[in-house]
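Structure data (PDB, C-alpha atoms) from work-v1.pdb:
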```
ATOM      1  CA  MET A 239     104.595 120.817 104.175
ATOM      2  CA  ALA A 240     103.013 118.460 106.690
ATOM      3  CA  TRP A 241     105.099 115.350 107.198
ATOM      4  CA  ALA A 242     103.459 112.302 108.689
ATOM      5  CA  ALA A 243     105.246 110.710 111.627
ATOM      6  CA  TYR A 244     107.665 108.215 110.080
ATOM      7  CA  SER A 245     106.693 104.768 111.265
ATOM      8  CA  GLU A 246     110.152 103.825 112.538
ATOM      9  CA  HIS A 247     108.958 100.680 114.359
ATOM     10  CA  ALA A 248     107.226  99.310 111.283
ATOM     11  CA  PHE A 249     110.188  99.881 109.004
ATOM     12  CA  LYS A 250     112.776  98.485 111.439
ATOM     13  CA  ALA A 251     110.738  95.347 112.181
ATOM     14  CA  ARG A 252     112.559  92.119 111.254
ATOM     15  CA  ALA A 253     109.411  90.095 110.670
ATOM     16  CA  ALA A 254     106.649  90.880 108.208
ATOM     17  CA  GLN A 255     103.939  90.221 110.837
ATOM     18  CA  ASP A 256     105.538  92.713 113.260
ATOM     19  CA  ALA A 257     105.876  95.310 110.504
ATOM     20  CA  LEU A 258     102.151  95.055 109.719
ATOM     21  CA  GLU A 259     101.204  95.176 113.400
ATOM     22  CA  ASN A 260     103.298  98.329 113.869
ATOM     23  CA  LEU A 261     102.019  99.957 110.708
ATOM     24  CA  TYR A 262      98.314  99.108 110.780
ATOM     25  CA  GLY A 263      97.746  97.979 114.379
ATOM     26  CA  ALA A 264      96.732  94.554 113.068
ATOM     27  CA  ASN A 265      98.477  91.703 111.310
ATOM     28  CA  ALA A 266      95.623  89.392 110.358
ATOM     29  CA  THR A 267      95.660  89.180 106.564
ATOM     30  CA  THR A 268      93.375  87.577 103.998
ATOM     31  CA  PRO A 269      94.700  86.516 100.601
ATOM     32  CA  SER A 270      92.498  88.068  97.909
ATOM     33  CA  ASP A 271      92.434  87.719  94.144
ATOM     34  CA  GLN A 272      91.237  91.329  94.050
ATOM     35  CA  VAL A 273      94.783  92.346  94.954
ATOM     36  CA  LYS A 274      96.985  92.269  91.876
ATOM     37  CA  LEU A 275     100.730  92.076  92.352
ATOM     38  CA  ILE A 276     102.896  92.360  89.264
ATOM     39  CA  VAL A 277     106.516  91.290  89.701
ATOM     40  CA  PRO A 278     108.917  89.504  87.351
ATOM     41  CA  PRO A 279     109.239  85.762  88.162
ATOM     42  CA  ILE A 280     113.008  86.050  87.751
ATOM     43  CA  ALA A 281     115.101  89.138  88.510
ATOM     44  CA  GLU A 282     118.634  89.008  87.183
ATOM     45  CA  ASN A 283     119.542  92.084  89.196
ATOM     46  CA  GLY A 284     118.064  92.324  92.686
ATOM     47  CA  ALA A 285     119.080  95.987  92.920
ATOM     48  CA  ARG A 286     116.066  97.155  90.924
ATOM     49  CA  VAL A 287     113.020  94.988  90.555
ATOM     50  CA  ASP A 288     109.767  96.502  89.309
ATOM     51  CA  VAL A 289     106.908  95.968  91.755
ATOM     52  CA  GLU A 290     103.387  97.032  90.856
ATOM     53  CA  VAL A 291     100.261  96.738  93.007
ATOM     54  CA  GLU A 292      96.719  97.314  91.839
ATOM     55  CA  THR A 293      93.332  96.562  93.352
ATOM     56  CA  ASP A 294      89.623  96.972  92.681
ATOM     57  CA  LEU A 295      89.036  97.180  96.430
ATOM     58  CA  LYS A 296      88.404 100.602  97.936
ATOM     59  CA  ALA A 297      91.896 100.980  99.354
ATOM     60  CA  ASP A 298      93.111 103.396 102.016
ATOM     61  CA  SER A 299      96.681 102.173 101.940
ATOM     62  CA  ILE A 300      99.014  99.877 100.023
ATOM     63  CA  ALA A 301     102.182  98.311 101.437
ATOM     64  CA  ILE A 302     104.879  96.107  99.901
ATOM     65  CA  LEU A 303     106.680  93.456 101.949
ATOM     66  CA  ILE A 304     109.861  91.731 100.783
ATOM     67  CA  GLU A 305     109.976  88.759 103.099
ATOM     68  CA  LYS A 306     113.681  87.851 103.046
ATOM     69  CA  ASN A 307     115.053  91.394 103.242
ATOM     70  CA  PRO A 308     116.616  92.397 106.604
ATOM     71  CA  ALA A 309     113.596  94.656 107.236
ATOM     72  CA  PRO A 310     110.690  93.325 105.142
ATOM     73  CA  LEU A 311     108.511  96.446 104.883
ATOM     74  CA  ALA A 312     109.721  98.288 101.770
ATOM     75  CA  VAL A 313     107.116 100.977 101.317
ATOM     76  CA  SER A 314     103.683 102.045 102.491
ATOM     77  CA  VAL A 315     101.470 104.383 100.522
ATOM     78  CA  ASP A 316      98.496 106.465 101.674
ATOM     79  CA  LEU A 317      95.735 106.862  99.123
ATOM     80  CA  PRO A 318      93.639 109.992  99.676
ATOM     81  CA  GLU A 319      90.158 110.242  98.137
ATOM     82  CA  GLY A 320      90.552 110.625  94.364
ATOM     83  CA  THR A 321      93.844 108.737  94.144
ATOM     84  CA  GLN A 322      93.796 105.421  92.291
ATOM     85  CA  ALA A 323      94.567 102.163  94.086
ATOM     86  CA  LYS A 324      97.489 101.549  91.784
ATOM     87  CA  PHE A 325     101.125 102.043  92.628
ATOM     88  CA  LYS A 326     104.425 101.126  91.044
ATOM     89  CA  THR A 327     107.977 101.342  92.339
ATOM     90  CA  ARG A 328     111.342  99.568  92.162
ATOM     91  CA  CYS A 329     112.702  97.544  95.052
ATOM     92  CA  ARG A 330     115.885  95.832  96.152
ATOM     93  CA  MET A 331     115.838  92.129  96.875
ATOM     94  CA  GLY A 332     118.792  90.546  98.650
ATOM     95  CA  GLU A 333     117.939  87.002  97.567
ATOM     96  CA  THR A 334     115.109  84.917  96.137
ATOM     97  CA  THR A 335     112.082  85.919  98.179
ATOM     98  CA  ASN A 336     108.336  86.097  98.469
ATOM     99  CA  VAL A 337     106.938  89.557  97.799
ATOM    100  CA  THR A 338     103.583  90.437  99.355
ATOM    101  CA  ALA A 339     101.297  93.294  98.393
ATOM    102  CA  VAL A 340      99.079  94.412 101.270
ATOM    103  CA  VAL A 341      95.936  96.450 100.675
ATOM    104  CA  GLN A 342      94.133  98.059 103.591
ATOM    105  CA  SER A 343      90.427  98.280 102.808
ATOM    106  CA  GLY A 344      87.626  98.891 105.292
ATOM    107  CA  GLY A 345      90.008  98.302 108.193
ATOM    108  CA  LYS A 346      91.003  94.850 106.889
ATOM    109  CA  LEU A 347      94.247  93.722 105.242
ATOM    110  CA  TYR A 348      94.101  91.853 101.942
ATOM    111  CA  THR A 349      97.170  90.349 100.329
ATOM    112  CA  ALA A 350      98.693  88.823  97.227
ATOM    113  CA  THR A 351     102.049  87.031  97.329
ATOM    114  CA  LYS A 352     104.448  86.027  94.578
ATOM    115  CA  GLU A 353     107.964  84.651  94.540
ATOM    116  CA  VAL A 354     110.771  86.470  92.754
ATOM    117  CA  LYS A 355     113.871  84.440  91.958
ATOM    118  CA  VAL A 356     116.900  86.703  92.325
ATOM    119  CA  THR A 357     120.104  85.868  90.453
ATOM    120  CA  ILE A 358     122.311  88.656  91.881
ATOM    121  CA  GLY A 359     121.292  90.152  95.243
ATOM    122  CA  GLY A 360     120.719  93.879  95.546
ATOM    123  CA  CYS A 361     121.112  94.774  99.231
ATOM    124  CA  GLY A 362     124.830  94.600  99.973
ATOM    125  CA  GLY A 363     126.896  94.843  96.757
TER     126      GLY A 363
ATOM    127  CA  MET B 149     119.853 115.914  94.211
ATOM    128  CA  SER B 150     117.165 116.382  91.733
ATOM    129  CA  MET B 151     113.836 115.026  90.682
ATOM    130  CA  ARG B 152     112.315 114.150  87.366
ATOM    131  CA  ILE B 153     108.529 114.215  87.323
ATOM    132  CA  ARG B 154     106.135 113.505  84.487
ATOM    133  CA  ALA B 155     102.463 114.274  85.141
ATOM    134  CA  LYS B 156     100.074 113.686  82.260
ATOM    135  CA  GLU B 157      96.301 113.992  82.306
ATOM    136  CA  GLN B 158      93.967 111.783  80.296
ATOM    137  CA  ASN B 159      90.221 111.448  80.850
ATOM    138  CA  GLY B 160      90.379 113.276  84.185
ATOM    139  CA  LEU B 161      93.135 111.057  85.532
ATOM    140  CA  VAL B 162      96.620 112.409  86.124
ATOM    141  CA  THR B 163      99.324 109.729  85.876
ATOM    142  CA  VAL B 164     102.576 110.605  87.605
ATOM    143  CA  GLN B 165     105.930 108.966  86.988
ATOM    144  CA  SER B 166     108.788 110.249  89.069
ATOM    145  CA  LEU B 167     112.438 109.556  89.642
ATOM    146  CA  ILE B 168     114.250 111.100  92.614
ATOM    147  CA  ARG B 169     118.035 111.136  92.535
ATOM    148  CA  HIS B 170     119.140 109.723  95.899
ATOM    149  CA  PRO B 171     121.701 107.068  96.948
ATOM    150  CA  MET B 172     119.234 105.202  99.259
ATOM    151  CA  GLU B 173     122.165 103.761 101.220
ATOM    152  CA  THR B 174     121.134 100.631 103.102
ATOM    153  CA  GLY B 175     123.839 100.786 105.763
ATOM    154  CA  LEU B 176     124.895  97.300 104.609
ATOM    155  CA  ARG B 177     127.398  98.328 101.930
ATOM    156  CA  LYS B 178     131.113  98.795 102.523
ATOM    157  CA  ASP B 179     133.418 101.180 100.705
ATOM    158  CA  LYS B 180     136.669  99.944  99.097
ATOM    159  CA  ASP B 181     138.546 100.316 102.409
ATOM    160  CA  GLY B 182     136.034  98.058 104.144
ATOM    161  CA  ASN B 183     134.290 100.808 106.079
ATOM    162  CA  THR B 184     130.519 100.563 106.340
ATOM    163  CA  ILE B 185     128.739 103.255 104.359
ATOM    164  CA  PRO B 186     126.187 104.754 106.780
ATOM    165  CA  GLU B 187     122.498 104.317 106.003
ATOM    166  CA  HIS B 188     120.949 107.306 104.276
ATOM    167  CA  TRP B 189     117.560 106.956 102.683
ATOM    168  CA  ILE B 190     114.429 108.828 101.745
ATOM    169  CA  GLN B 191     111.805 108.188 104.426
ATOM    170  CA  GLU B 192     108.848 110.152 103.158
ATOM    171  CA  VAL B 193     107.468 111.456  99.903
ATOM    172  CA  VAL B 194     104.435 113.743  99.785
ATOM    173  CA  VAL B 195     102.675 115.051  96.685
ATOM    174  CA  GLU B 196     100.241 117.954  96.570
ATOM    175  CA  SER B 197      98.225 119.056  93.589
ATOM    176  CA  ALA B 198      95.804 121.949  93.296
ATOM    177  CA  GLY B 199      96.121 122.604  97.033
ATOM    178  CA  LYS B 200      95.333 119.045  98.098
ATOM    179  CA  GLN B 201      97.495 116.117  99.178
ATOM    180  CA  VAL B 202      97.146 113.419  96.531
ATOM    181  CA  PHE B 203      99.848 110.955  97.552
ATOM    182  CA  ALA B 204     102.041 110.103 100.526
ATOM    183  CA  ALA B 205     104.537 107.286 100.848
ATOM    184  CA  ALA B 206     106.873 106.083 103.571
ATOM    185  CA  LEU B 207     109.966 104.354 102.221
ATOM    186  CA  ASN B 208     112.555 101.954 103.568
ATOM    187  CA  THR B 209     116.030 101.100 102.288
ATOM    188  CA  SER B 210     114.457  98.234 100.297
ATOM    189  CA  VAL B 211     113.392 100.800  97.723
ATOM    190  CA  SER B 212     116.016 101.010  94.967
ATOM    191  CA  LYS B 213     118.598 103.740  94.551
ATOM    192  CA  ASP B 214     117.077 106.728  92.719
ATOM    193  CA  PRO B 215     113.513 105.823  93.793
ATOM    194  CA  PHE B 216     110.938 105.429  91.036
ATOM    195  CA  LEU B 217     107.318 106.053  92.023
ATOM    196  CA  SER B 218     104.251 105.936  89.831
ATOM    197  CA  PHE B 219     100.622 106.617  90.775
ATOM    198  CA  ALA B 220      97.494 108.315  89.441
ATOM    199  CA  PHE B 221      94.840 110.648  90.815
ATOM    200  CA  ALA B 222      91.815 112.654  89.681
ATOM    201  CA  GLY B 223      92.981 116.004  88.314
ATOM    202  CA  LYS B 224      93.287 118.151  85.232
ATOM    203  CA  LYS B 225      95.716 119.755  82.802
ATOM    204  CA  GLY B 226      97.324 122.960  84.077
ATOM    205  CA  ASP B 227      97.134 121.979  87.754
ATOM    206  CA  THR B 228     100.350 122.404  89.691
ATOM    207  CA  LEU B 229     101.933 119.316  91.216
ATOM    208  CA  LYS B 230     104.514 119.545  93.963
ATOM    209  CA  MET B 231     106.536 116.546  95.100
ATOM    210  CA  SER B 232     108.565 116.785  98.297
ATOM    211  CA  TRP B 233     110.796 114.311 100.113
ATOM    212  CA  LYS B 234     112.572 114.059 103.434
ATOM    213  CA  ASP B 235     115.434 111.646 104.148
ATOM    214  CA  SER B 236     116.902 109.965 107.223
ATOM    215  CA  ALA B 237     119.488 112.750 107.560
ATOM    216  CA  GLY B 238     116.726 115.367 107.725
ATOM    217  CA  GLU B 239     117.476 116.700 104.237
ATOM    218  CA  THR B 240     114.498 117.733 102.147
ATOM    219  CA  ASP B 241     113.842 118.816  98.592
ATOM    220  CA  SER B 242     110.824 119.579  96.464
ATOM    221  CA  THR B 243     110.001 120.175  92.827
ATOM    222  CA  GLU B 244     106.942 121.673  91.232
ATOM    223  CA  VAL B 245     105.645 120.838  87.753
ATOM    224  CA  THR B 246     102.506 121.585  85.773
ATOM    225  CA  VAL B 247     100.184 118.758  84.750
ATOM    226  CA  SER B 248     100.240 118.422  80.950
TER     227      SER B 248
END
```
Please rewrite the model in this file as structure tokens.
Amino acid sequence: MAWAAYSEHAFKARAAQDALENLYGANATTPSDQVKLIVPPIAENGARVDVEVETDLKADSIAILIEKNPAPLAVSVDLPEGTQAKFKTRCRMGETTNVTAVVQSGGKLYTATKEVKVTIGGCGG
Amino acid sequence: MSMRIRAKEQNGLVTVQSLIRHPMETGLRKDKDGNTIPEHWIQEVVVESAGKQVFAAALNTSVSKDPFLSFAFAGKKGDTLKMSWKDSAGETDSTEVTVS
């Protein structure tokens, strides 16, 4: 099993911009309506919030940022040839926060952002 | 620790839904005596099917306890699918299923 080098710097970064810089070597992003981010507008329980990202762009990688979490980068996904640019997971959210889906396509970063209102935080408790 | 994986093929596309049993400790929680529970989380998940890597993810503690991951790739019924993970303590596990 070949493990990739875990991107410690990206995942420990306290700011979303730093996380992107450490992960992709660039942090310039362009909002795009070709990036679809599906999150509930209100999450009663921040411990498990469904987050789904989908795009029509030819994506090499997808990342999810949860802006107000202590370390915003939640997950990054590599998409080999033949794998769909569609990914779903469940994330913790400590408080009401913006969630950003980042799609790397042709060396550029495209984003979609939505706010999730969190009733009960999911990071500490 | 265990994994539950469902891999179903339709029209040449294999959709995977998986649940890995893991505490995904953030390092922010305290036990009932007030001691901090050390961080312990899955850092990497890799999936191979029919001898090829089809998915790789790097995770942080912001991913929920018992991580759920869903994705899809080009494949067919009867292919093997092997999901492996490695956590921050260096523990690893893997499970193999057959695409149905």
Hits of the PyMOL selection byres ((chain B and resi 211) around 7) in this structure, as an MDAnalysis selection string
(chainID A and resid 312 328:330) or (chainID B and resid 207:210 212:213 215)
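The residues that lie within 12 Å of the point (121.1, 91.8, 90.6), counting all atoms listed in the file, are A:Ile280, A:Ala281, A:Glu282, A:Asn283, A:Gly284, A:Ala285, A:Arg286, A:Val287, A:Cys329, A:Arg330, A:Met331, A:Gly332, A:Glu333, A:Thr334, A:Val354, A:Lys355, A:Val356, A:Thr357, A:Ile358, A:Gly359, A:Gly360, A:Cys361, A:Gly362, A:Gly363, B:Ser212.
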What lies within 10 Å of Ser166 in chain B using only C-alpha atoms, ignoring chain neighbours under 4 positions off, as a ChimeraX atom specification?
/A:327 /B:151-155,214-219,231
Would you be able to write out as JSON, numbers by chain which residues have an atom within 12 Å of (90.1, 113.6, 85.4) in the file's coordinates, counting all atoms listed in the file?
{"A": [320, 321, 322], "B": [156, 157, 158, 159, 160, 161, 162, 163, 220, 221, 222, 223, 224, 225, 226, 227, 247]}
Name all residues at most 9 Å from range 186-189 of chain B (count all atoms listed in the file; drop same-chain ones fewer than 3 positions away) and give them as a PDB file with C-alpha atoms, in the frame of the given file.
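What follows is the written file part_15.pdb:
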```
ATOM      1  CA  HIS B 170     119.140 109.723  95.899  1.00  0.00           C
ATOM      2  CA  PRO B 171     121.701 107.068  96.948  1.00  0.00           C
ATOM      3  CA  MET B 172     119.234 105.202  99.259  1.00  0.00           C
ATOM      4  CA  GLU B 173     122.165 103.761 101.220  1.00  0.00           C
ATOM      5  CA  THR B 174     121.134 100.631 103.102  1.00  0.00           C
ATOM      6  CA  GLY B 175     123.839 100.786 105.763  1.00  0.00           C
ATOM      7  CA  LEU B 176     124.895  97.300 104.609  1.00  0.00           C
ATOM      8  CA  ARG B 177     127.398  98.328 101.930  1.00  0.00           C
ATOM      9  CA  LYS B 178     131.113  98.795 102.523  1.00  0.00           C
ATOM     10  CA  LEU B 207     109.966 104.354 102.221  1.00  0.00           C
ATOM     11  CA  ASN B 208     112.555 101.954 103.568  1.00  0.00           C
ATOM     12  CA  THR B 209     116.030 101.100 102.288  1.00  0.00           C
ATOM     13  CA  VAL B 211     113.392 100.800  97.723  1.00  0.00           C
ATOM     14  CA  LYS B 213     118.598 103.740  94.551  1.00  0.00           C
ATOM     15  CA  LYS B 234     112.572 114.059 103.434  1.00  0.00           C
ATOM     16  CA  ASP B 235     115.434 111.646 104.148  1.00  0.00           C
ATOM     17  CA  SER B 236     116.902 109.965 107.223  1.00  0.00           C
ATOM     18  CA  ALA B 237     119.488 112.750 107.560  1.00  0.00           C
TER      19      ALA B 237
END
```
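Omitting Ser232 in chain B and its sequence neighbours fewer than 2 positions away, and counting all atoms listed in the file, the residues within 7 Å are Val193, Val194, Val195, Lys230, Asp241, Ser242 and Thr243 of chain B.
In this structure, CA of Ile276 in chain A sits 20.6 Å away from CA of Leu258 in chain A.
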Emit as lines of an AutoDock Vina configuration file the padded axis-aligned box for all listed atoms of range 154-161 of chain B, 5 Å per side, with centre and edge lengths in Å to one decimal.
```
center_x = 98.2
center_y = 112.7
center_z = 82.9
size_x = 25.9
size_y = 13.2
size_z = 15.2
```
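Here, the PyMOL selection byres ((chain A and resi 267) around 7) matches Asn265, Ala266, Thr268, Pro269, Leu347, Tyr348 and Thr349 of chain A.
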How would range 338-361 of chain A of the given structure read as a file with C-alpha atoms, as a PDB file, in the first residue's frame?
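result-v7.pdb written:
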```
ATOM      1  CA  THR A 338     -16.217  26.134   1.139  1.00  0.00           C
ATOM      2  CA  ALA A 339     -15.817  23.441  -1.489  1.00  0.00           C
ATOM      3  CA  VAL A 340     -12.578  23.791  -3.448  1.00  0.00           C
ATOM      4  CA  VAL A 341     -12.100  22.096  -6.807  1.00  0.00           C
ATOM      5  CA  GLN A 342      -8.665  21.959  -8.394  1.00  0.00           C
ATOM      6  CA  SER A 343      -9.027  21.930 -12.172  1.00  0.00           C
ATOM      7  CA  GLY A 344      -6.305  22.669 -14.708  1.00  0.00           C
ATOM      8  CA  GLY A 345      -4.046  24.008 -11.962  1.00  0.00           C
ATOM      9  CA  LYS A 346      -6.663  26.549 -10.822  1.00  0.00           C
ATOM     10  CA  LEU A 347      -8.851  26.545  -7.705  1.00  0.00           C
ATOM     11  CA  TYR A 348     -12.599  27.023  -8.066  1.00  0.00           C
ATOM     12  CA  THR A 349     -14.890  27.399  -5.084  1.00  0.00           C
ATOM     13  CA  ALA A 350     -18.444  27.425  -3.802  1.00  0.00           C
ATOM     14  CA  THR A 351     -19.294  28.680  -0.312  1.00  0.00           C
ATOM     15  CA  LYS A 352     -22.385  28.250   1.831  1.00  0.00           C
ATOM     16  CA  GLU A 353     -23.213  29.049   5.427  1.00  0.00           C
ATOM     17  CA  VAL A 354     -24.346  26.348   7.834  1.00  0.00           C
ATOM     18  CA  LYS A 355     -26.095  27.512  10.989  1.00  0.00           C
ATOM     19  CA  VAL A 356     -25.095  25.194  13.827  1.00  0.00           C
ATOM     20  CA  THR A 357     -27.372  24.841  16.853  1.00  0.00           C
ATOM     21  CA  ILE A 358     -25.133  22.548  18.955  1.00  0.00           C
ATOM     22  CA  GLY A 359     -21.389  22.584  18.204  1.00  0.00           C
ATOM     23  CA  GLY A 360     -19.614  19.357  17.342  1.00  0.00           C
ATOM     24  CA  CYS A 361     -15.912  19.887  18.079  1.00  0.00           C
TER      25      CYS A 361
END
```
